[in-house]
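**Student:** For reference, this is entry_39.pdb, and it has PDB, C-alpha atoms and all ligand atoms.
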```pdb
ATOM      1  CA  MET A   1      22.724  13.140 -28.586
ATOM      2  CA  SER A   2      19.062  13.759 -27.811
ATOM      3  CA  THR A   3      18.051  15.753 -24.751
ATOM      4  CA  GLN A   4      17.004  12.519 -23.081
ATOM      5  CA  GLU A   5      20.314  10.800 -23.886
ATOM      6  CA  LYS A   6      22.213  13.811 -22.475
ATOM      7  CA  SER A   7      20.184  13.726 -19.310
ATOM      8  CA  ILE A   8      20.686   9.961 -18.883
ATOM      9  CA  ALA A   9      24.462  10.389 -19.480
ATOM     10  CA  LYS A  10      24.583  13.120 -16.861
ATOM     11  CA  ILE A  11      22.869  10.924 -14.267
ATOM     12  CA  ALA A  12      25.163   7.995 -15.131
ATOM     13  CA  THR A  13      28.391  10.020 -14.739
ATOM     14  CA  SER A  14      27.442  11.937 -11.592
ATOM     15  CA  GLY A  15      26.227   8.677  -9.963
ATOM     16  CA  ALA A  16      25.872   8.394  -6.229
ATOM     17  CA  ASP A  17      27.542  11.767  -5.563
ATOM     18  CA  VAL A  18      24.329  13.649  -6.256
ATOM     19  CA  LEU A  19      22.079  11.345  -4.260
ATOM     20  CA  PRO A  20      20.966  12.848  -0.929
ATOM     21  CA  ASP A  21      21.658  11.312   2.484
ATOM     22  CA  TYR A  22      18.808  10.563   4.912
ATOM     23  CA  ALA A  23      18.320   9.977   8.627
ATOM     24  CA  PRO A  24      19.011   6.437   9.885
ATOM     25  CA  VAL A  25      15.994   4.106   9.796
ATOM     26  CA  PRO A  26      14.907   3.062  13.316
ATOM     27  CA  GLN A  27      15.646  -0.595  14.069
ATOM     28  CA  SER A  28      11.942  -1.111  14.901
ATOM     29  CA  ALA A  29      11.126  -0.721  11.192
ATOM     30  CA  TYR A  30      12.918  -3.929  10.218
ATOM     31  CA  GLY A  31      11.762  -7.534  10.340
ATOM     32  CA  PRO A  32      13.448 -10.943  10.374
ATOM     33  CA  ALA A  33      16.514 -11.708   8.235
ATOM     34  CA  LEU A  34      15.978 -13.247   4.789
ATOM     35  CA  ASN A  35      17.338 -16.659   3.825
ATOM     36  CA  GLU A  36      19.861 -17.354   1.039
ATOM     37  CA  GLN A  37      17.160 -17.326  -1.628
ATOM     38  CA  GLY A  38      16.101 -13.853  -0.498
ATOM     39  CA  TYR A  39      12.873 -14.559   1.361
ATOM     40  CA  TYR A  40      11.535 -15.153   4.847
ATOM     41  CA  VAL A  41       8.493 -17.294   5.553
ATOM     42  CA  GLY A  42       6.942 -17.362   9.007
ATOM     43  CA  ARG A  43       3.838 -18.395  10.854
ATOM     44  CA  VAL A  44       1.301 -15.642  11.491
ATOM     45  CA  GLU A  45      -1.064 -17.824  13.527
ATOM     46  CA  ARG A  46      -1.687 -21.592  13.317
ATOM     47  CA  ASN A  47      -1.851 -22.530   9.603
ATOM     48  CA  LEU A  48      -1.659 -18.943   8.274
ATOM     49  CA  TYR A  49       1.799 -17.940   7.011
ATOM     50  CA  TRP A  50       3.393 -14.829   5.521
ATOM     51  CA  VAL A  51       6.272 -14.447   3.059
ATOM     52  CA  THR A  52       8.427 -11.366   2.551
ATOM     53  CA  ASP A  53      11.438 -10.283   0.513
ATOM     54  CA  GLY A  54      11.888  -7.284   2.831
ATOM     55  CA  SER A  55       9.796  -4.961   0.620
ATOM     56  CA  TYR A  56       6.705  -6.966  -0.368
ATOM     57  CA  GLN A  57       4.472  -9.459   1.400
ATOM     58  CA  SER A  58       2.286 -12.367   0.422
ATOM     59  CA  ALA A  59       0.357 -14.786   2.662
ATOM     60  CA  PHE A  60      -1.021 -18.315   2.487
ATOM     61  CA  LEU A  61      -3.223 -20.720   4.391
ATOM     62  CA  THR A  62      -2.469 -24.421   4.369
ATOM     63  CA  THR A  63      -5.753 -26.338   4.483
ATOM     64  CA  LYS A  64      -6.733 -29.984   4.350
ATOM     65  CA  ASP A  65      -7.674 -29.487   0.673
ATOM     66  CA  GLY A  66      -4.621 -27.474  -0.448
ATOM     67  CA  VAL A  67      -3.130 -24.014  -0.188
ATOM     68  CA  VAL A  68      -4.975 -20.692  -0.466
ATOM     69  CA  LEU A  69      -2.621 -17.916  -1.549
ATOM     70  CA  PHE A  70      -3.209 -14.207  -0.920
ATOM     71  CA  ASP A  71      -1.405 -12.013  -3.474
ATOM     72  CA  ALA A  72       1.534 -12.964  -5.660
ATOM     73  CA  PRO A  73       3.999 -10.059  -5.773
ATOM     74  CA  PRO A  74       6.479 -10.443  -8.665
ATOM     75  CA  SER A  75       9.407  -9.317  -6.497
ATOM     76  CA  ILE A  76       8.892 -12.457  -4.363
ATOM     77  CA  GLY A  77       7.970 -14.414  -7.518
ATOM     78  CA  GLY A  78       9.335 -17.981  -7.515
ATOM     79  CA  ASN A  79      10.073 -17.719  -3.804
ATOM     80  CA  ILE A  80       6.315 -17.916  -3.102
ATOM     81  CA  ARG A  81       6.380 -21.482  -4.452
ATOM     82  CA  ARG A  82       9.546 -22.250  -2.428
ATOM     83  CA  ALA A  83       8.002 -20.855   0.766
ATOM     84  CA  VAL A  84       4.797 -22.881   0.274
ATOM     85  CA  ASP A  85       6.808 -26.058  -0.439
ATOM     86  CA  GLU A  86       9.001 -25.478   2.600
ATOM     87  CA  ILE A  87       6.048 -25.090   4.985
ATOM     88  CA  ALA A  88       3.959 -27.865   3.405
ATOM     89  CA  SER A  89       6.775 -30.417   3.623
ATOM     90  CA  ALA A  90       7.675 -29.386   7.199
ATOM     91  CA  ASN A  91       4.043 -29.945   8.251
ATOM     92  CA  GLY A  92       3.206 -32.893   6.011
ATOM     93  CA  VAL A  93       0.340 -31.098   4.241
ATOM     94  CA  SER A  94      -0.525 -30.566   0.579
ATOM     95  CA  ASN A  95       1.516 -27.926  -1.287
ATOM     96  CA  LYS A  96      -1.039 -27.678  -4.112
ATOM     97  CA  VAL A  97      -2.155 -24.066  -4.528
ATOM     98  CA  THR A  98      -5.875 -24.298  -5.226
ATOM     99  CA  HIS A  99      -6.979 -20.648  -4.796
ATOM    100  CA  LEU A 100      -5.400 -17.232  -5.271
ATOM    101  CA  VAL A 101      -7.128 -14.229  -3.691
ATOM    102  CA  TYR A 102      -6.267 -10.808  -5.149
ATOM    103  CA  SER A 103      -6.139  -7.872  -2.692
ATOM    104  CA  HIS A 104      -6.353  -5.417  -5.622
ATOM    105  CA  HIS A 105      -5.403  -5.280  -9.286
ATOM    106  CA  HIS A 106      -1.933  -3.662  -9.080
ATOM    107  CA  ALA A 107       0.922  -5.453 -10.872
ATOM    108  CA  ASP A 108       3.392  -4.975  -8.026
ATOM    109  CA  HIS A 109       1.206  -7.168  -5.764
ATOM    110  CA  ASN A 110      -0.095  -9.722  -8.256
ATOM    111  CA  GLY A 111       2.276  -9.741 -11.233
ATOM    112  CA  ALA A 112       3.398 -13.298 -10.349
ATOM    113  CA  SER A 113      -0.162 -14.642 -10.597
ATOM    114  CA  SER A 114       0.565 -16.413 -13.887
ATOM    115  CA  LEU A 115       3.270 -18.535 -12.186
ATOM    116  CA  PHE A 116       0.399 -20.543 -10.747
ATOM    117  CA  ASP A 117      -1.249 -23.036 -13.011
ATOM    118  CA  LYS A 118      -4.468 -22.705 -14.904
ATOM    119  CA  ASN A 119      -6.352 -24.848 -12.394
ATOM    120  CA  VAL A 120      -5.978 -22.257  -9.655
ATOM    121  CA  ILE A 121      -9.259 -20.496  -8.846
ATOM    122  CA  ARG A 122      -8.651 -16.751  -8.736
ATOM    123  CA  ILE A 123     -10.918 -14.700  -6.504
ATOM    124  CA  GLY A 124     -11.211 -10.908  -6.362
ATOM    125  CA  HIS A 125     -13.489  -7.918  -6.243
ATOM    126  CA  GLU A 126     -15.649  -7.312  -9.331
ATOM    127  CA  GLU A 127     -13.767  -4.052  -9.961
ATOM    128  CA  THR A 128     -10.472  -5.978  -9.850
ATOM    129  CA  LYS A 129     -11.844  -8.158 -12.634
ATOM    130  CA  ARG A 130     -12.952  -5.159 -14.687
ATOM    131  CA  LEU A 131      -9.574  -3.435 -14.300
ATOM    132  CA  LEU A 132      -7.568  -6.573 -15.093
ATOM    133  CA  LEU A 133      -9.635  -7.227 -18.216
ATOM    134  CA  ARG A 134      -9.033  -3.600 -19.217
ATOM    135  CA  ASP A 135      -5.274  -3.736 -18.559
ATOM    136  CA  ASN A 136      -4.935  -7.094 -20.328
ATOM    137  CA  ASP A 137      -1.646  -8.133 -18.705
ATOM    138  CA  PRO A 138      -0.941 -11.860 -19.236
ATOM    139  CA  ALA A 139       0.938 -11.913 -15.902
ATOM    140  CA  ARG A 140      -2.339 -11.163 -14.060
ATOM    141  CA  PRO A 141      -5.268 -13.256 -15.282
ATOM    142  CA  ALA A 142      -8.609 -11.749 -14.222
ATOM    143  CA  PRO A 143     -10.362 -13.498 -11.326
ATOM    144  CA  GLU A 144     -13.033 -16.027 -12.299
ATOM    145  CA  GLU A 145     -14.853 -15.620  -8.997
ATOM    146  CA  THR A 146     -15.873 -12.134  -7.919
ATOM    147  CA  PHE A 147     -17.968 -10.373  -5.304
ATOM    148  CA  ALA A 148     -19.447  -6.902  -4.860
ATOM    149  CA  ASP A 149     -19.508  -6.000  -1.152
ATOM    150  CA  ARG A 150     -18.813  -9.011   1.013
ATOM    151  CA  ARG A 151     -18.005 -12.631   0.568
ATOM    152  CA  THR A 152     -17.209 -15.413   3.031
ATOM    153  CA  LEU A 153     -14.865 -18.072   1.713
ATOM    154  CA  LYS A 154     -14.954 -21.517   3.266
ATOM    155  CA  ILE A 155     -12.074 -23.489   1.859
ATOM    156  CA  GLY A 156     -10.695 -26.696   3.338
ATOM    157  CA  GLY A 157     -12.452 -25.992   6.627
ATOM    158  CA  GLU A 158     -11.009 -22.454   6.917
ATOM    159  CA  ARG A 159     -12.988 -19.219   7.009
ATOM    160  CA  ILE A 160     -11.893 -16.028   5.224
ATOM    161  CA  GLU A 161     -14.007 -12.859   5.169
ATOM    162  CA  LEU A 162     -13.559 -10.575   2.148
ATOM    163  CA  ALA A 163     -15.046  -7.066   2.143
ATOM    164  CA  TRP A 164     -14.996  -4.070  -0.126
ATOM    165  CA  ARG A 165     -15.579  -0.902   1.906
ATOM    166  CA  GLY A 166     -15.192   1.755  -0.796
ATOM    167  CA  PRO A 167     -12.225   3.040  -2.794
ATOM    168  CA  ASN A 168      -8.993   3.951  -0.965
ATOM    169  CA  HIS A 169      -5.480   3.206  -2.275
ATOM    170  CA  SER A 170      -7.148   1.851  -5.415
ATOM    171  CA  PRO A 171     -10.810   1.592  -6.423
ATOM    172  CA  ASP A 172     -10.819  -2.172  -5.785
ATOM    173  CA  ASN A 173      -8.718  -2.662  -2.641
ATOM    174  CA  ILE A 174     -10.335  -5.146  -0.215
ATOM    175  CA  TYR A 175     -10.161  -6.099   3.470
ATOM    176  CA  ILE A 176      -9.175  -9.737   4.004
ATOM    177  CA  HIS A 177     -10.096 -10.859   7.509
ATOM    178  CA  PHE A 178      -9.081 -14.189   9.020
ATOM    179  CA  PRO A 179     -11.435 -14.374  12.020
ATOM    180  CA  ASP A 180     -10.038 -17.705  13.205
ATOM    181  CA  HIS A 181      -6.428 -16.487  12.874
ATOM    182  CA  ASP A 182      -6.733 -13.086  14.562
ATOM    183  CA  THR A 183      -5.387 -11.428  11.415
ATOM    184  CA  LEU A 184      -6.285  -8.665   8.978
ATOM    185  CA  MET A 185      -4.678  -8.288   5.562
ATOM    186  CA  LEU A 186      -5.071  -4.834   4.024
ATOM    187  CA  ILE A 187      -2.582  -3.848   1.358
ATOM    188  CA  ASP A 188      -0.946  -0.496   0.572
ATOM    189  CA  ILE A 189      -2.546   1.506   3.401
ATOM    190  CA  VAL A 190      -0.186   1.238   6.405
ATOM    191  CA  ASN A 191       3.499   0.273   6.077
ATOM    192  CA  PRO A 192       4.222  -0.851   9.655
ATOM    193  CA  GLY A 193       7.236   1.033  11.020
ATOM    194  CA  TRP A 194       7.615   3.156   7.897
ATOM    195  CA  ALA A 195       6.129   6.291   6.340
ATOM    196  CA  PRO A 196       3.897   5.715   3.324
ATOM    197  CA  ILE A 197       5.853   5.939   0.046
ATOM    198  CA  SER A 198       5.210   8.588  -2.644
ATOM    199  CA  MET A 199       1.948  10.507  -2.400
ATOM    200  CA  SER A 200       0.297   8.469   0.376
ATOM    201  CA  ASN A 201       1.344   5.082  -1.001
ATOM    202  CA  LEU A 202       0.339   6.238  -4.512
ATOM    203  CA  SER A 203      -3.290   6.352  -3.458
ATOM    204  CA  GLU A 204      -6.074   7.337  -5.810
ATOM    205  CA  ASP A 205      -8.703   8.283  -3.245
ATOM    206  CA  ILE A 206      -7.266  10.214  -0.311
ATOM    207  CA  PRO A 207     -10.452  10.552   1.789
ATOM    208  CA  GLY A 208     -10.845   6.769   1.417
ATOM    209  CA  TYR A 209      -7.148   6.199   2.163
ATOM    210  CA  ILE A 210      -7.337   8.290   5.335
ATOM    211  CA  ALA A 211     -10.533   6.545   6.506
ATOM    212  CA  ALA A 212      -9.236   3.004   5.891
ATOM    213  CA  PRO A 213      -7.174   2.517   9.110
ATOM    214  CA  ALA A 214     -10.245   3.204  11.291
ATOM    215  CA  ILE A 215     -12.166   0.560   9.299
ATOM    216  CA  ALA A 216      -9.239  -1.817   9.798
ATOM    217  CA  LEU A 217      -9.404  -1.234  13.558
ATOM    218  CA  GLU A 218     -13.154  -2.059  13.603
ATOM    219  CA  TYR A 219     -12.192  -5.688  12.983
ATOM    220  CA  PRO A 220     -10.913  -7.875  15.814
ATOM    221  CA  TRP A 221      -7.305  -8.904  15.089
ATOM    222  CA  LYS A 222      -3.824  -9.047  16.549
ATOM    223  CA  HIS A 223      -1.668  -9.488  13.415
ATOM    224  CA  PHE A 224      -1.631  -7.118  10.443
ATOM    225  CA  ILE A 225      -0.381  -8.004   6.960
ATOM    226  CA  GLY A 226       0.165  -4.693   5.152
ATOM    227  CA  GLY A 227       1.696  -5.961   1.906
ATOM    228  CA  HIS A 228       4.910  -3.997   2.310
ATOM    229  CA  VAL A 229       8.103  -3.866   4.390
ATOM    230  CA  GLY A 230       9.820  -6.707   6.196
ATOM    231  CA  ARG A 231       7.617  -7.164   9.229
ATOM    232  CA  LEU A 232       4.011  -7.675  10.260
ATOM    233  CA  GLY A 233       2.065  -4.916  11.995
ATOM    234  CA  THR A 234       0.263  -4.437  15.277
ATOM    235  CA  ARG A 235      -2.730  -2.311  16.239
ATOM    236  CA  ASP A 236      -0.235   0.261  17.575
ATOM    237  CA  ASP A 237       1.322   0.534  14.093
ATOM    238  CA  ILE A 238      -2.105   1.432  12.702
ATOM    239  CA  THR A 239      -2.695   4.052  15.411
ATOM    240  CA  LEU A 240       0.751   5.591  14.830
ATOM    241  CA  HIS A 241       0.051   5.810  11.091
ATOM    242  CA  GLN A 242      -3.319   7.474  11.806
ATOM    243  CA  GLN A 243      -1.573  10.038  14.011
ATOM    244  CA  TYR A 244       1.020  10.700  11.293
ATOM    245  CA  MET A 245      -1.673  11.295   8.653
ATOM    246  CA  ALA A 246      -3.706  13.469  11.073
ATOM    247  CA  ASP A 247      -0.597  15.558  11.794
ATOM    248  CA  ILE A 248      -0.005  16.069   8.063
ATOM    249  CA  ASP A 249      -3.646  17.082   7.610
ATOM    250  CA  ALA A 250      -3.584  19.616  10.488
ATOM    251  CA  SER A 251      -0.197  21.031   9.516
ATOM    252  CA  VAL A 252      -0.972  21.521   5.824
ATOM    253  CA  ARG A 253      -4.310  23.178   6.615
ATOM    254  CA  LYS A 254      -2.349  25.709   8.673
ATOM    255  CA  ALA A 255       0.054  26.260   5.763
ATOM    256  CA  LEU A 256      -2.828  26.681   3.296
ATOM    257  CA  VAL A 257      -4.307  29.580   5.258
ATOM    258  CA  SER A 258      -1.034  31.225   6.284
ATOM    259  CA  VAL A 259       1.116  31.307   3.113
ATOM    260  CA  ASP A 260      -0.040  34.379   1.142
ATOM    261  CA  PRO A 261      -0.338  33.636  -2.617
ATOM    262  CA  THR A 262      -0.101  37.317  -3.688
ATOM    263  CA  PRO A 263       3.699  37.582  -4.083
ATOM    264  CA  PHE A 264       3.781  34.350  -6.123
ATOM    265  CA  PHE A 265       1.376  35.779  -8.730
ATOM    266  CA  GLN A 266       3.130  39.168  -8.687
ATOM    267  CA  LYS A 267       6.498  37.566  -9.382
ATOM    268  CA  TYR A 268       5.343  35.365 -12.323
ATOM    269  CA  GLY A 269       2.816  37.791 -13.881
ATOM    270  CA  ASP A 270       1.623  36.327 -17.165
ATOM    271  CA  ASN A 271       2.770  32.767 -16.309
ATOM    272  CA  PRO A 272       0.222  31.729 -13.677
ATOM    273  CA  TRP A 273       1.303  28.056 -13.871
ATOM    274  CA  ALA A 274       4.760  29.075 -12.554
ATOM    275  CA  ALA A 275       3.070  30.862  -9.649
ATOM    276  CA  VAL A 276       0.865  27.856  -8.886
ATOM    277  CA  SER A 277       3.869  25.513  -8.965
ATOM    278  CA  ALA A 278       5.851  27.689  -6.532
ATOM    279  CA  LEU A 279       2.813  28.067  -4.288
ATOM    280  CA  PHE A 280       2.221  24.280  -4.195
ATOM    281  CA  ASP A 281       5.880  23.850  -3.210
ATOM    282  CA  ALA A 282       5.632  26.489  -0.490
ATOM    283  CA  TRP A 283       2.424  25.012   0.998
ATOM    284  CA  THR A 284       3.901  21.506   0.846
ATOM    285  CA  LYS A 285       7.211  22.415   2.472
ATOM    286  CA  ALA A 286       5.566  24.500   5.212
ATOM    287  CA  GLY A 287       3.051  21.724   5.910
ATOM    288  CA  ALA A 288       5.617  18.909   5.924
ATOM    289  CA  ALA A 289       8.408  20.505   7.999
ATOM    290  CA  PRO A 290       6.970  19.986  11.527
ATOM    291  CA  VAL A 291       5.796  16.459  10.640
ATOM    292  CA  ILE A 292       9.255  15.462   9.371
ATOM    293  CA  GLU A 293      10.741  16.754  12.596
ATOM    294  CA  LYS A 294       8.252  14.849  14.766
ATOM    295  CA  TYR A 295       8.502  11.482  12.960
ATOM    296  CA  THR A 296      12.199  11.274  12.043
ATOM    297  CA  GLY A 297      13.557   8.379  14.127
ATOM    298  CA  VAL A 298       9.967   7.161  14.746
ATOM    299  CA  LEU A 299       8.871   6.044  11.254
ATOM    300  CA  GLY A 300      11.441   4.870   8.699
ATOM    301  CA  ALA A 301      11.910   7.285   5.767
ATOM    302  CA  ALA A 302       9.775  10.056   7.273
ATOM    303  CA  ASP A 303      12.378  12.485   5.918
ATOM    304  CA  VAL A 304      12.277  10.802   2.492
ATOM    305  CA  TYR A 305       8.564  10.757   1.779
ATOM    306  CA  THR A 306       6.634  13.151   4.039
ATOM    307  CA  GLU A 307       6.759  16.058   1.568
ATOM    308  CA  SER A 308       5.386  13.891  -1.213
ATOM    309  CA  THR A 309       2.530  12.592   0.946
ATOM    310  CA  THR A 310       1.841  16.103   2.252
ATOM    311  CA  PHE A 311       1.493  17.385  -1.314
ATOM    312  CA  TRP A 312      -1.112  14.752  -2.133
ATOM    313  CA  VAL A 313      -3.042  15.250   1.123
ATOM    314  CA  MET A 314      -3.009  19.022   0.495
ATOM    315  CA  GLU A 315      -4.498  18.571  -2.982
ATOM    316  CA  SER A 316      -7.217  16.336  -1.552
ATOM    317  CA  ILE A 317      -8.010  18.865   1.193
ATOM    318  CA  ARG A 318      -8.333  21.566  -1.468
ATOM    319  CA  LEU A 319     -10.077  19.582  -4.204
ATOM    320  CA  ASP A 320     -12.103  16.890  -2.424
ATOM    321  CA  LEU A 321     -12.981  18.871   0.692
ATOM    322  CA  GLY A 322     -12.984  22.414  -0.739
ATOM    323  CA  PHE A 323     -10.856  23.706   2.135
ATOM    324  CA  ALA A 324      -9.601  27.316   1.656
ATOM    325  CA  SER A 325     -11.570  27.508  -1.606
ATOM    326  CA  TYR A 326     -12.014  31.066  -2.793
ATOM    327  CA  VAL A 327     -15.140  32.194  -4.645
ATOM    328  CA  HIS A 328     -14.677  35.359  -6.674
ATOM    329  CA  PRO A 329     -17.185  37.967  -5.427
TER     330      PRO A 329
HETATM  331 ZN    ZN B 401      -1.335  -0.992  -4.987
END
```
Translate this file's structure into structure tokens.

**Tutor:**
Amino acid sequence: MSTQEKSIAKIATSGADVLPDYAPVPQSAYGPALNEQGYYVGRVERNLYWVTDGSYQSAFLTTKDGVVLFDAPPSIGGNIRRAVDEIASANGVSNKVTHLVYSHHHADHNGASSLFDKNVIRIGHEETKRLLLRDNDPARPAPEETFADRRTLKIGGERIELAWRGPNHSPDNIYIHFPDHDTLMLIDIVNPGWAPISMSNLSEDIPGYIAAPAIALEYPWKHFIGGHVGRLGTRDDITLHQQYMADIDASVRKALVSVDPTPFFQKYGDNPWAAVSALFDAWTKAGAAPVIEKYTGVLGAADVYTESTTFWVMESIRLDLGFASYVHP
């Protein structure tokens, strides 16, 4: 047996016994129940709809010329088609998907793009196109139509404002504003009712990630489509998320200046990487502890993911902002 096979066998035999327990998720984190096929489709405002499987979200506009789809997460997959058909037949409008707008290039939000036929016009940021051509995944054809900073779409009498405001979660993540539907779609920044998942929603640019909610709030809107979890968001969800991230920032800065690195380097001597690893853990745990306490019962999974997000915010504070940087005399 290889080391990997042994380790897989160990996980398989110990099973659920070794998995930790977590605090109950507040009821406010959950959305509407799913149907038998495993999805929920609902009206956001007028002819704008959203679809969820409880973890991922997609949205679509029914117009007089057909349907404009926003993201095609593979976990919802074939249910996107079912949701569109259901709404189109209930309202007596066309179910033909004519356009697909990509929020960003990630496979978990657009890996069902290829389910839609070749006549669909795909629209995305120019960086989304570059990244999709690079990654060459047949499930996600690159967009034919791109833009650099801003683009207004007028499709079937509906107005959609696309904007790229700098890198955040990914280099190409865009703001999708529906000015006539009081709605903003911004993916992988705020998970309404929940803590961000691993390392600030697996974000590449933390200063951009932290700045994004304030940009979101600059727009006028009432409904927020965040791309994840089983419910839509409100402006209060964005503010709560901002407070959570600000608390992590303040708490980890305190930890960075109060945990003394000396004993870590003394203990590990000629293995400085061991000292750095233990020091990262100590900073992270000290920074996260008060935030976990404050948000448990407020945001779902605050006790699951706050340490991971704190670690990533701490590294950004050190490396992007130069906080607590030491220059040898
Ligand atoms: Zn993403």

**Student:** For chain A against ligand ZN 401 (chain B), with a cut-off of 8 Å and counting all atoms listed in the file, what is the closest atom pair and its distance in Å to one decimal for every residue that makes the cut, ordered by chain and number, as a tab-separated table?

**Tutor:**
```
residue	atom	partner	partner_atom	distance
A:His104	CA	B:ZN401	ZN	6.7
A:His105	CA	B:ZN401	ZN	7.3
A:His106	CA	B:ZN401	ZN	4.9
A:Ala107	CA	B:ZN401	ZN	7.7
A:Asp108	CA	B:ZN401	ZN	6.9
A:His109	CA	B:ZN401	ZN	6.7
A:His169	CA	B:ZN401	ZN	6.5
A:Ser170	CA	B:ZN401	ZN	6.5
A:Asn173	CA	B:ZN401	ZN	7.9
A:Ile187	CA	B:ZN401	ZN	7.1
A:Asp188	CA	B:ZN401	ZN	5.6
A:Asn201	CA	B:ZN401	ZN	7.7
A:Leu202	CA	B:ZN401	ZN	7.4
A:Ser203	CA	B:ZN401	ZN	7.8
```

**Student:** What would the selection look like, as a list in words, if the PyMOL selection byres (((chain A and resi 149-156) around 9) and not hetatm) were run on the coordinates I just shared?

**Tutor:**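 Given this file, the PyMOL selection byres (((chain A and resi 149-156) around 9) and not hetatm) evaluates to Thr62, Thr63, Lys64, Asp65, Gly66, Val67, Val68, His99, His125, Thr146, Phe147, Ala148, Gly157, Glu158, Arg159, Ile160, Glu161, Leu162, Ala163, Trp164, Arg165 and Gly166 of chain A.
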
**Student:** A:Asn168, A:Asn110, A:Gln242, A:Ser251: which is nearest Ser75 (chain A), counting all atoms listed in the file?

**Tutor:**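 Selected residue with least distance to Ser75 (chain A): A:Asn110.
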
**Student:** If the PyMOL selection byres (((chain A and resi 234) around 10) and not hetatm) is run on the structure shown, which residues does it catch, given as number ranges by chain?

**Tutor:** A: 183, 192-193, 221-225, 231-233, 235-239

**Student:** How many Å separate CA of Phe280 (chain A) from CA of His241 (chain A)?

**Tutor:**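 Here the two named atoms are 24.1 Å from each other.
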
**Student:** I would like the residues chosen by the PyMOL selection byres (((chain A and resi 60) around 12) and not hetatm) on the shown file; could you give them as a ChimeraX atom specification?

**Tutor:** /A:41-52,57-59,61-63,66-72,80-81,83-85,87-88,95-102,158,160,176,178,181,185,225

**Student:** Given the selection you just returned, output its residues as a file containing C-alpha atoms, formatted as a PDB file, in the frame of the given file.

**Tutor:**
```pdb
ATOM      1  CA  VAL A  41       8.493 -17.294   5.553  1.00  0.00           C
ATOM      2  CA  GLY A  42       6.942 -17.362   9.007  1.00  0.00           C
ATOM      3  CA  ARG A  43       3.838 -18.395  10.854  1.00  0.00           C
ATOM      4  CA  VAL A  44       1.301 -15.642  11.491  1.00  0.00           C
ATOM      5  CA  GLU A  45      -1.064 -17.824  13.527  1.00  0.00           C
ATOM      6  CA  ARG A  46      -1.687 -21.592  13.317  1.00  0.00           C
ATOM      7  CA  ASN A  47      -1.851 -22.530   9.603  1.00  0.00           C
ATOM      8  CA  LEU A  48      -1.659 -18.943   8.274  1.00  0.00           C
ATOM      9  CA  TYR A  49       1.799 -17.940   7.011  1.00  0.00           C
ATOM     10  CA  TRP A  50       3.393 -14.829   5.521  1.00  0.00           C
ATOM     11  CA  VAL A  51       6.272 -14.447   3.059  1.00  0.00           C
ATOM     12  CA  THR A  52       8.427 -11.366   2.551  1.00  0.00           C
ATOM     13  CA  GLN A  57       4.472  -9.459   1.400  1.00  0.00           C
ATOM     14  CA  SER A  58       2.286 -12.367   0.422  1.00  0.00           C
ATOM     15  CA  ALA A  59       0.357 -14.786   2.662  1.00  0.00           C
ATOM     16  CA  LEU A  61      -3.223 -20.720   4.391  1.00  0.00           C
ATOM     17  CA  THR A  62      -2.469 -24.421   4.369  1.00  0.00           C
ATOM     18  CA  THR A  63      -5.753 -26.338   4.483  1.00  0.00           C
ATOM     19  CA  GLY A  66      -4.621 -27.474  -0.448  1.00  0.00           C
ATOM     20  CA  VAL A  67      -3.130 -24.014  -0.188  1.00  0.00           C
ATOM     21  CA  VAL A  68      -4.975 -20.692  -0.466  1.00  0.00           C
ATOM     22  CA  LEU A  69      -2.621 -17.916  -1.549  1.00  0.00           C
ATOM     23  CA  PHE A  70      -3.209 -14.207  -0.920  1.00  0.00           C
ATOM     24  CA  ASP A  71      -1.405 -12.013  -3.474  1.00  0.00           C
ATOM     25  CA  ALA A  72       1.534 -12.964  -5.660  1.00  0.00           C
ATOM     26  CA  ILE A  80       6.315 -17.916  -3.102  1.00  0.00           C
ATOM     27  CA  ARG A  81       6.380 -21.482  -4.452  1.00  0.00           C
ATOM     28  CA  ALA A  83       8.002 -20.855   0.766  1.00  0.00           C
ATOM     29  CA  VAL A  84       4.797 -22.881   0.274  1.00  0.00           C
ATOM     30  CA  ASP A  85       6.808 -26.058  -0.439  1.00  0.00           C
ATOM     31  CA  ILE A  87       6.048 -25.090   4.985  1.00  0.00           C
ATOM     32  CA  ALA A  88       3.959 -27.865   3.405  1.00  0.00           C
ATOM     33  CA  ASN A  95       1.516 -27.926  -1.287  1.00  0.00           C
ATOM     34  CA  LYS A  96      -1.039 -27.678  -4.112  1.00  0.00           C
ATOM     35  CA  VAL A  97      -2.155 -24.066  -4.528  1.00  0.00           C
ATOM     36  CA  THR A  98      -5.875 -24.298  -5.226  1.00  0.00           C
ATOM     37  CA  HIS A  99      -6.979 -20.648  -4.796  1.00  0.00           C
ATOM     38  CA  LEU A 100      -5.400 -17.232  -5.271  1.00  0.00           C
ATOM     39  CA  VAL A 101      -7.128 -14.229  -3.691  1.00  0.00           C
ATOM     40  CA  TYR A 102      -6.267 -10.808  -5.149  1.00  0.00           C
ATOM     41  CA  GLU A 158     -11.009 -22.454   6.917  1.00  0.00           C
ATOM     42  CA  ILE A 160     -11.893 -16.028   5.224  1.00  0.00           C
ATOM     43  CA  ILE A 176      -9.175  -9.737   4.004  1.00  0.00           C
ATOM     44  CA  PHE A 178      -9.081 -14.189   9.020  1.00  0.00           C
ATOM     45  CA  HIS A 181      -6.428 -16.487  12.874  1.00  0.00           C
ATOM     46  CA  MET A 185      -4.678  -8.288   5.562  1.00  0.00           C
ATOM     47  CA  ILE A 225      -0.381  -8.004   6.960  1.00  0.00           C
TER      48      ILE A 225
END
```

**Student:** At what distance in Å, to one decimal, does CA of Ile317 (chain A) lie from CA of Ala216 (chain A)?

**Tutor:**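 Taking CA of Ala216 (chain A) as the start and CA of Ile317 (chain A) as the end point, the length is 22.4 Å.
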
**Student:** Calculated over only C-alpha atoms, which of the candidates A:Ala23, A:Ile76, A:Ala282, A:Leu34 has the smallest distance to Leu115 (chain A)?

**Tutor:**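 Once distances to Leu115 (chain A) are computed over only C-alpha atoms, the minimum belongs to A:Ile76.
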